[in-house]
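J.: File final-v4.cif follows (mmCIF, C-alpha atoms):
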data_data
#
loop_
_atom_site.label_atom_id
_atom_site.label_comp_id
_atom_site.auth_asym_id
_atom_site.auth_seq_id
_atom_site.Cartn_x
_atom_site.Cartn_y
_atom_site.Cartn_z
CA MET N 1 118.29 206.60 265.69
CA ILE N 2 116.88 210.06 264.95
CA LEU N 3 117.98 213.11 266.93
CA ILE N 4 115.92 216.28 267.36
CA TYR N 5 117.45 219.53 268.59
CA CYS N 6 114.93 222.01 270.03
CA ASP N 7 114.91 225.77 270.66
CA GLU N 8 112.50 228.63 271.24
CA SER N 9 112.01 232.07 269.69
CA ASN N 10 109.91 235.22 270.18
CA LEU N 11 109.94 234.83 273.98
CA ASP N 12 109.14 238.49 274.68
CA ALA N 13 105.44 238.60 275.49
CA LYS N 14 104.46 241.10 272.81
CA SER N 15 100.78 241.37 271.92
CA GLY N 16 100.12 240.06 268.43
CA ASP N 17 103.30 237.98 268.29
CA PHE N 18 103.53 234.20 268.27
CA LEU N 19 105.83 232.36 270.66
CA LEU N 20 107.61 229.69 268.63
CA TYR N 21 109.12 226.39 269.73
CA GLY N 22 110.87 224.38 267.07
CA GLY N 23 112.89 221.23 266.52
CA LEU N 24 115.23 220.08 263.78
CA THR N 25 115.78 216.36 263.20
CA ILE N 26 118.69 214.45 261.74
CA ASP N 27 119.37 210.75 261.30
CA ALA N 28 122.28 209.78 263.56
CA GLN N 29 123.89 207.87 260.70
CA SER N 30 124.08 211.09 258.67
CA TYR N 31 125.36 213.29 261.48
CA SER N 32 129.11 212.83 260.95
CA LYS N 33 128.87 213.70 257.24
CA PHE N 34 126.57 216.63 258.00
CA SER N 35 128.88 217.97 260.69
CA THR N 36 131.82 217.87 258.28
CA GLU N 37 129.77 219.77 255.69
CA ILE N 38 128.93 222.52 258.18
CA TRP N 39 132.61 222.87 259.10
CA GLU N 40 133.35 223.31 255.39
CA ILE N 41 130.59 225.92 255.04
CA ARG N 42 131.98 227.80 258.02
CA LYS N 43 135.46 227.66 256.48
CA LYS N 44 134.13 228.86 253.11
CA HIS N 45 132.53 231.90 254.74
CA LYS N 46 135.49 232.49 257.08
CA ILE N 47 133.45 231.97 260.24
CA PRO N 48 135.87 231.82 263.21
CA THR N 49 136.08 228.32 264.70
CA ASP N 50 135.14 229.62 268.16
CA PHE N 51 132.15 231.65 266.93
CA LYS N 52 128.82 230.29 268.17
CA ALA N 53 126.77 230.50 264.98
CA LYS N 54 123.17 231.67 265.49
CA TYR N 55 120.53 233.41 263.40
CA LEU N 56 121.86 236.68 264.83
CA PRO N 57 124.30 238.30 265.40
CA ALA N 58 126.90 237.82 262.67
CA PRO N 59 130.58 237.58 263.55
CA LYS N 60 132.17 240.94 264.28
CA GLY N 61 133.06 242.76 261.08
CA MET N 62 131.10 240.44 258.77
CA LYS N 63 128.71 242.08 256.33
CA LYS N 64 124.99 241.34 256.71
CA ASN N 65 124.66 239.97 253.16
CA ASP N 66 127.67 237.69 253.65
CA TYR N 67 126.21 236.26 256.84
CA SER N 68 122.83 235.83 255.14
CA GLN N 69 124.51 233.72 252.46
CA PHE N 70 126.20 231.62 255.16
CA LYS N 71 122.79 230.92 256.70
CA LYS N 72 121.30 230.04 253.30
CA ASP N 73 124.14 227.55 252.72
CA CYS N 74 123.46 226.03 256.15
CA ILE N 75 119.77 225.61 255.33
CA ASP N 76 120.70 224.01 252.00
CA ALA N 77 122.90 221.53 253.89
CA CYS N 78 120.00 220.72 256.24
CA ILE N 79 117.76 220.03 253.24
CA ALA N 80 120.41 217.93 251.47
CA ASN N 81 120.85 215.82 254.62
CA LYS N 82 117.09 215.27 254.95
CA CYS N 83 116.64 217.20 258.18
CA ASN N 84 113.02 217.88 259.15
CA PHE N 85 111.74 221.02 260.84
CA LEU N 86 108.89 220.80 263.37
CA VAL N 87 107.43 223.98 264.84
CA TYR N 88 104.80 224.89 267.45
CA GLN N 89 103.33 228.37 267.73
CA THR N 90 100.96 230.07 270.12
CA LEU N 91 99.84 233.69 270.33
CA HIS N 92 101.25 235.47 273.38
CA ASP N 93 97.83 237.04 273.99
CA VAL N 94 96.39 233.54 274.39
CA ALA N 95 99.29 231.85 276.19
CA LYS N 96 99.73 234.56 278.87
CA ASP N 97 102.47 232.58 280.71
CA THR N 98 105.67 232.35 278.66
CA ASP N 99 107.23 229.60 280.78
CA LEU N 100 104.11 227.46 280.56
CA ALA N 101 103.84 228.08 276.82
CA ARG N 102 107.43 226.98 276.34
CA ARG N 103 106.87 223.78 278.33
CA ASN N 104 103.72 223.19 276.26
CA GLY N 105 105.86 223.61 273.17
CA ILE N 106 108.16 220.87 274.43
CA ASN N 107 105.10 218.67 274.96
CA GLU N 108 103.87 219.28 271.43
CA LEU N 109 107.22 218.51 269.83
CA CYS N 110 107.61 215.39 271.97
CA LEU N 111 104.20 214.17 270.79
CA ASN N 112 104.79 214.93 267.12
CA PHE N 113 108.32 213.54 267.19
CA SER N 114 106.95 210.38 268.82
CA TYR N 115 104.46 209.98 265.96
CA ILE N 116 107.31 210.24 263.46
CA LEU N 117 109.42 207.69 265.33
CA LYS N 118 106.56 205.19 265.50
CA ASN N 119 105.77 205.64 261.83
CA GLU N 120 109.40 205.01 260.88
CA GLU N 121 109.93 202.31 263.52
CA GLU N 122 112.86 204.28 264.92
CA THR N 123 114.17 205.36 268.31
CA GLY N 124 114.90 208.99 269.07
CA LEU N 125 116.80 211.34 271.34
CA ILE N 126 115.45 214.79 272.24
CA LEU N 127 117.93 217.59 272.92
CA VAL N 128 116.50 220.78 274.42
CA ASP N 129 118.25 224.14 274.44
CA ARG N 130 118.96 224.84 278.11
CA PHE N 131 116.82 227.48 279.82
CA ASN N 132 115.81 228.37 283.36
CA ASP N 133 112.12 228.97 284.03
CA LYS N 134 110.53 229.99 287.32
CA GLY N 135 111.30 227.38 289.94
CA ASN N 136 113.43 225.57 287.36
CA ARG N 137 110.39 223.45 286.53
CA VAL N 138 111.86 222.43 283.20
CA ASP N 139 114.10 219.82 284.89
CA ALA N 140 111.14 217.94 286.37
CA HIS N 141 109.20 218.51 283.16
CA LEU N 142 111.78 216.69 281.04
CA ALA N 143 112.16 213.93 283.63
CA GLU N 144 108.39 213.40 283.52
CA LYS N 145 108.46 213.14 279.71
CA PHE N 146 111.00 210.33 280.01
CA SER N 147 109.50 208.43 282.96
CA THR N 148 105.78 208.93 282.36
CA GLY N 149 105.35 210.55 278.97
CA LEU N 150 102.73 213.13 278.10
CA THR N 151 99.80 213.80 280.43
CA GLY N 152 96.52 215.64 280.11
CA LEU N 153 95.80 214.62 276.53
CA PRO N 154 92.09 214.43 275.61
CA HIS N 155 92.23 210.82 274.43
CA THR N 156 94.35 209.30 277.24
CA THR N 157 95.56 210.07 280.76
CA THR N 158 99.16 209.27 279.87
CA TYR N 159 100.96 208.82 276.57
CA PRO N 160 104.35 207.13 277.07
CA LEU N 161 107.08 208.21 274.67
CA THR N 162 108.07 204.60 274.11
CA ASN N 163 110.38 205.30 271.16
CA VAL N 164 112.28 208.09 272.93
CA VAL N 165 115.39 206.85 274.75
CA GLY N 166 116.23 210.14 276.46
CA LEU N 167 115.78 213.89 276.84
CA HIS N 168 118.89 216.00 277.40
CA TYR N 169 120.09 219.59 277.34
CA SER N 170 122.14 221.16 274.58
CA ALA N 171 123.55 224.63 274.01
CA ILE N 172 124.82 226.81 271.19
CA GLY N 173 128.46 226.06 270.47
CA GLN N 174 128.32 222.44 271.61
CA SER N 175 127.26 221.03 268.23
CA HIS N 176 126.39 222.21 264.74
CA MET N 177 122.78 221.09 265.17
CA SER N 178 122.31 223.53 268.05
CA SER N 179 123.32 226.28 265.64
CA MET N 180 121.20 224.92 262.81
CA ILE N 181 117.94 224.89 264.79
CA ASP N 182 118.61 228.47 265.90
CA ILE N 183 119.22 229.53 262.28
CA VAL N 184 116.24 227.66 260.84
CA LEU N 185 113.85 228.77 263.60
CA GLY N 186 115.09 232.37 263.45
CA THR N 187 114.58 232.39 259.68
CA TYR N 188 111.04 231.04 260.03
CA ARG N 189 110.34 233.57 262.81
CA THR N 190 111.23 236.43 260.49
CA ALA N 191 108.51 235.36 258.04
CA ILE N 192 105.90 234.81 260.76
CA ASN N 193 106.65 238.22 262.30
CA ILE N 194 106.24 239.90 258.92
CA TYR N 195 102.73 238.46 258.73
CA SER N 196 101.67 238.86 262.36
CA ARG N 197 103.03 242.42 262.58
CA LYS N 198 101.84 243.25 259.04
CA THR N 199 105.10 245.03 258.17
CA GLY N 200 104.42 244.89 254.43
CA GLN N 201 107.57 242.87 253.65
CA GLU N 202 105.54 240.01 252.21
CA LYS N 203 107.90 239.35 249.30
CA LEU N 204 110.68 238.64 251.80
CA ALA N 205 108.39 236.36 253.81
CA GLU N 206 107.48 234.42 250.65
CA GLU N 207 111.15 234.00 249.76
CA ILE N 208 111.91 232.71 253.27
CA LEU N 209 109.02 230.25 253.29
CA GLY N 210 109.95 229.01 249.84
CA LYS N 211 113.48 228.37 251.10
CA LEU N 212 112.28 226.47 254.18
CA HIS N 213 109.48 224.50 252.51
CA PRO N 214 111.59 221.36 251.79
CA LEU N 215 112.39 220.99 255.50
CA PHE N 216 108.76 220.21 256.39
CA ARG N 217 107.45 216.66 256.23
CA LYS N 218 104.52 216.29 253.86
CA GLY N 219 101.25 214.40 254.38
CA TYR N 220 99.71 211.87 252.04
CA ALA N 221 97.95 214.60 250.04
CA GLY N 222 101.11 216.68 249.73
CA GLY N 223 100.17 219.25 252.37
CA ILE N 224 101.95 219.94 255.65
CA PRO N 225 100.37 218.04 258.58
CA ARG N 226 100.03 219.22 262.16
CA ILE N 227 102.99 217.07 263.24
CA SER N 228 105.16 219.48 261.22
CA ILE N 229 103.45 222.84 261.84
CA SER N 230 101.10 223.13 264.79
CA PHE N 231 99.21 226.10 266.16
CA SER N 232 97.98 226.07 269.76
CA PRO N 233 95.42 225.95 271.22
CA LYS N 234 93.25 223.97 268.81
CA SER N 235 90.23 226.21 269.44
CA ILE N 236 90.20 230.01 269.80
CA PHE N 237 87.11 231.69 271.25
CA VAL N 238 88.12 235.36 270.98
CA ASP N 239 87.36 236.64 267.48
CA SER N 240 90.35 239.00 267.27
CA TYR N 241 92.80 236.27 268.33
CA ARG N 242 91.24 233.75 265.94
CA ALA N 243 91.65 236.30 263.17
CA SER N 244 95.39 236.51 263.95
CA TYR N 245 95.76 232.74 263.64
CA ARG N 246 93.75 232.61 260.43
CA HIS N 247 95.72 235.49 258.92
CA VAL N 248 99.08 233.74 259.44
CA ILE N 249 97.75 230.34 258.30
CA ASP N 250 96.25 231.91 255.16
CA LYS N 251 99.60 233.49 254.36
CA LEU N 252 101.39 230.16 254.81
CA ASN N 253 98.85 228.47 252.55
CA ASN N 254 99.37 231.17 249.94
CA CYS N 255 102.99 230.00 249.89
CA ASP N 256 101.83 226.46 249.01
CA TYR N 257 102.09 225.12 252.57
CA LYS N 258 98.59 223.57 252.46
CA LEU N 259 98.32 223.20 256.23
CA ASP N 260 96.03 220.55 257.69
CA GLN N 261 95.17 222.87 260.57
CA SER N 262 92.72 225.73 260.26
CA TYR N 263 90.48 227.92 262.43
CA ASP N 264 87.49 228.05 260.12
CA GLU N 265 84.95 226.99 262.76
#
Represent the supplied structure as structure tokens.

T.:
Amino acid sequence: MILIYCDESNLDAKSGDFLLYGGLTIDAQSYSKFSTEIWEIRKKHKIPTDFKAKYLPAPKGMKKNDYSQFKKDCIDACIANKCNFLVYQTLHDVAKDTDLARRNGINELCLNFSYILKNEEETGLILVDRFNDKGNRVDAHLAEKFSTGLTGLPHTTTYPLTNVVGLHYSAIGQSHMSSMIDIVLGTYRTAINIYSRKTGQEKLAEEILGKLHPLFRKGYAGGIPRISISFSPKSIFVDSYRASYRHVIDKLNNCDYKLDQSYDE
């Protein structure tokens, strides 16, 4: 069985920013070993046992550089244990509704995770970081994913997630994987924000993307397919918004990401 832990980032609806929804997978058979390794990394960096490790903040009194090294060691452990990172991104200017965009992000990861499970002839469990949206629609949303599957796809009315045995909630502090997805997604977000906000810190962004590159599944030609990195929607009709998507994708490709997806139409 493969587990995927999911989380969101960049929720504040800031013009020019991308809302991100990501998932980090791990093979259940590797989880015990991986969990032990993370405990050892925490011990090495003197992270208190009751501290809920996230991208930010660091434990009280810990230097920024020391916490950065802790996060790098965590990412290395994810790579060594063959975790895969899946991420969905949509421009806030296009999405408009943050709650809807987040639920759409869940849909996208469910679809892409399902493709992976079918390809590997595996079953999977989806664990979603708990959040409350307006009307608490997320509860019914997850129940629908389990009972019916995905709806509204262009090629079919319903797409059952036949290889998914359940969708559940998780939270920071309840497992190491909840911390790892927050760290990995937060690290990726830093690079994307550098590009979308054009802060000029491109060397830092390149270093980050180089560090994360092994976490992405590769396609047959060696590039990164849409099941690993997806931008939404598939078509953008406002020139300025399309330019934002193309700018970020070009920057990723300059870091040898070779994305399948583009907005060259």

J.: Taking the file above as input, evaluate the PyMOL selection byres ((chain N and resi 228) around 8) and report the hits as an NGL selection string.

T.: :N and (85-87 or 112 or 216-217 or 224-227 or 229-230)

J.: How would the residues just chosen look if you wrote them out with C-alpha atoms as a tab-separated table (two decimals), in the frame of the given file?

T.:
chain	number	residue	atom	x	y	z
N	85	PHE	CA	111.74	221.02	260.84
N	86	LEU	CA	108.89	220.80	263.37
N	87	VAL	CA	107.43	223.98	264.84
N	112	ASN	CA	104.79	214.93	267.12
N	216	PHE	CA	108.76	220.21	256.39
N	217	ARG	CA	107.45	216.66	256.23
N	224	ILE	CA	101.95	219.94	255.65
N	225	PRO	CA	100.37	218.04	258.58
N	226	ARG	CA	100.03	219.22	262.16
N	227	ILE	CA	102.99	217.07	263.24
N	229	ILE	CA	103.45	222.84	261.84
N	230	SER	CA	101.10	223.13	264.79

J.: On this structure, the PyMOL selection byres ((chain N and resi 93) around 8) would catch which residues? List them as a PyMOL selection string, sorted by chain and number.

T.: chain N and resi 13-17+91-92+94-96+241

J.: To test your reading of the syntax: which residues would the PyMOL selection byres ((chain N and resi 206) around 9) return for the file shown? Reply as a PDB file with C-alpha atoms, keeping the file's coordinate frame.

T.:
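Written file, out.pdb:
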ATOM      1  CA  ALA N 191     108.510 235.360 258.040  1.00  0.00           C
ATOM      2  CA  GLN N 201     107.570 242.870 253.650  1.00  0.00           C
ATOM      3  CA  GLU N 202     105.540 240.010 252.210  1.00  0.00           C
ATOM      4  CA  LYS N 203     107.900 239.350 249.300  1.00  0.00           C
ATOM      5  CA  LEU N 204     110.680 238.640 251.800  1.00  0.00           C
ATOM      6  CA  ALA N 205     108.390 236.360 253.810  1.00  0.00           C
ATOM      7  CA  GLU N 207     111.150 234.000 249.760  1.00  0.00           C
ATOM      8  CA  ILE N 208     111.910 232.710 253.270  1.00  0.00           C
ATOM      9  CA  LEU N 209     109.020 230.250 253.290  1.00  0.00           C
ATOM     10  CA  GLY N 210     109.950 229.010 249.840  1.00  0.00           C
ATOM     11  CA  LYS N 211     113.480 228.370 251.100  1.00  0.00           C
ATOM     12  CA  LYS N 251      99.600 233.490 254.360  1.00  0.00           C
ATOM     13  CA  LEU N 252     101.390 230.160 254.810  1.00  0.00           C
ATOM     14  CA  ASN N 254      99.370 231.170 249.940  1.00  0.00           C
ATOM     15  CA  CYS N 255     102.990 230.000 249.890  1.00  0.00           C
TER      16      CYS N 255
END

J.: Excluding N:Phe146 and any residue of its chain fewer than 4 positions from it, enumerate the residues within 8 Å of it, using only C-alpha atoms, and give them as a list in words.

T.: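 The residues that qualify are Leu142, Pro160, Leu161, Val164, Val165, Gly166 and Leu167 of chain N.
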
J.: Which one of N:Gln174, N:Ser114, N:Thr36, N:Asn136 sits closest to N:Ala77 if you count all atoms listed in the file?

T.: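 Going through N:Gln174, N:Ser114, N:Thr36, N:Asn136 one by one, the smallest distance to N:Ala77 is for N:Thr36.
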
J.: Identify which of the residues N:Ile116, N:Tyr263, N:Asn193, N:Lys46 lies closest to N:Gly219, counting all atoms listed in the file when measuring atom-to-atom distances.

T.: N:Ile116

J.: May I have the residues at most 12 Å from (103.6, 221.4, 274.6) in the file's coordinates, counting all atoms listed in the file, as a ChimeraX atom specification?

T.: /N:8,19-22,87-90,95,98-113,138,141-142,145,149-153,230-233

J.: Using all atoms listed in the file, which of N:His213, N:Val248, N:Ile126, N:Ser240 sits nearest N:Thr187?

T.: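 Smallest separation from N:Thr187 among the options: N:His213.
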
J.: I'd like the interatomic distance between atom CA of N:Tyr67 and atom CA of N:Ile183, to a tenth of an Å.

T.: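 Distance between the two atoms: 11.1 Å.
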
J.: What does the structure give for the distance between atom CA of N:Ile26 and atom CA of N:Cys83, in Å to one decimal?

T.: 4.9 Å

J.: Interatomic distance between atom CA of N:Asp97 and atom CA of N:Ile4?

T.: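 Going from atom CA of N:Asp97 over to atom CA of N:Ile4 covers 25.0 Å.
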
J.: Out of N:Glu122, N:Asp76, N:Asp50, N:Asp7, which residue has the shortest atom-to-atom distance to N:Thr162 when counting only C-alpha atoms?

T.: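 Under the stated criterion, the closest residue is N:Glu122.
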
J.: Which residues are near N:Ser262? Cut-off 9 Å, all atoms listed in the file, ignore same chain within fewer than 2 positions. Put them as a count of residues only.

T.: 10

J.: Restricting the calculation to all atoms listed in the file, which member of N:Ile47, N:Leu127, N:Met1, N:Val238 is positioned closest to N:Met177?

T.: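 Among the listed residues, N:Leu127 lies closest to N:Met177.
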
J.: Rank N:Phe18, N:Cys6, N:Tyr55, N:Asp12 by their smallest atom-to-atom distance to N:Phe131, using only C-alpha atoms, and report the top residue only.

T.: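 Of all the options, N:Cys6 lies closest to N:Phe131.
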
J.: Counting only C-alpha atoms, which residues come within 8 Å of (118.5, 223.2, 263.5), with the point read in the file's coordinates, and could you list them as a list in words?

T.: Tyr5, Cys6, Gly23, Leu24, Thr25, Cys78, Phe85, Met177, Ser178, Ser179, Met180, Ile181, Asp182, Ile183, Val184 and Leu185 of chain N
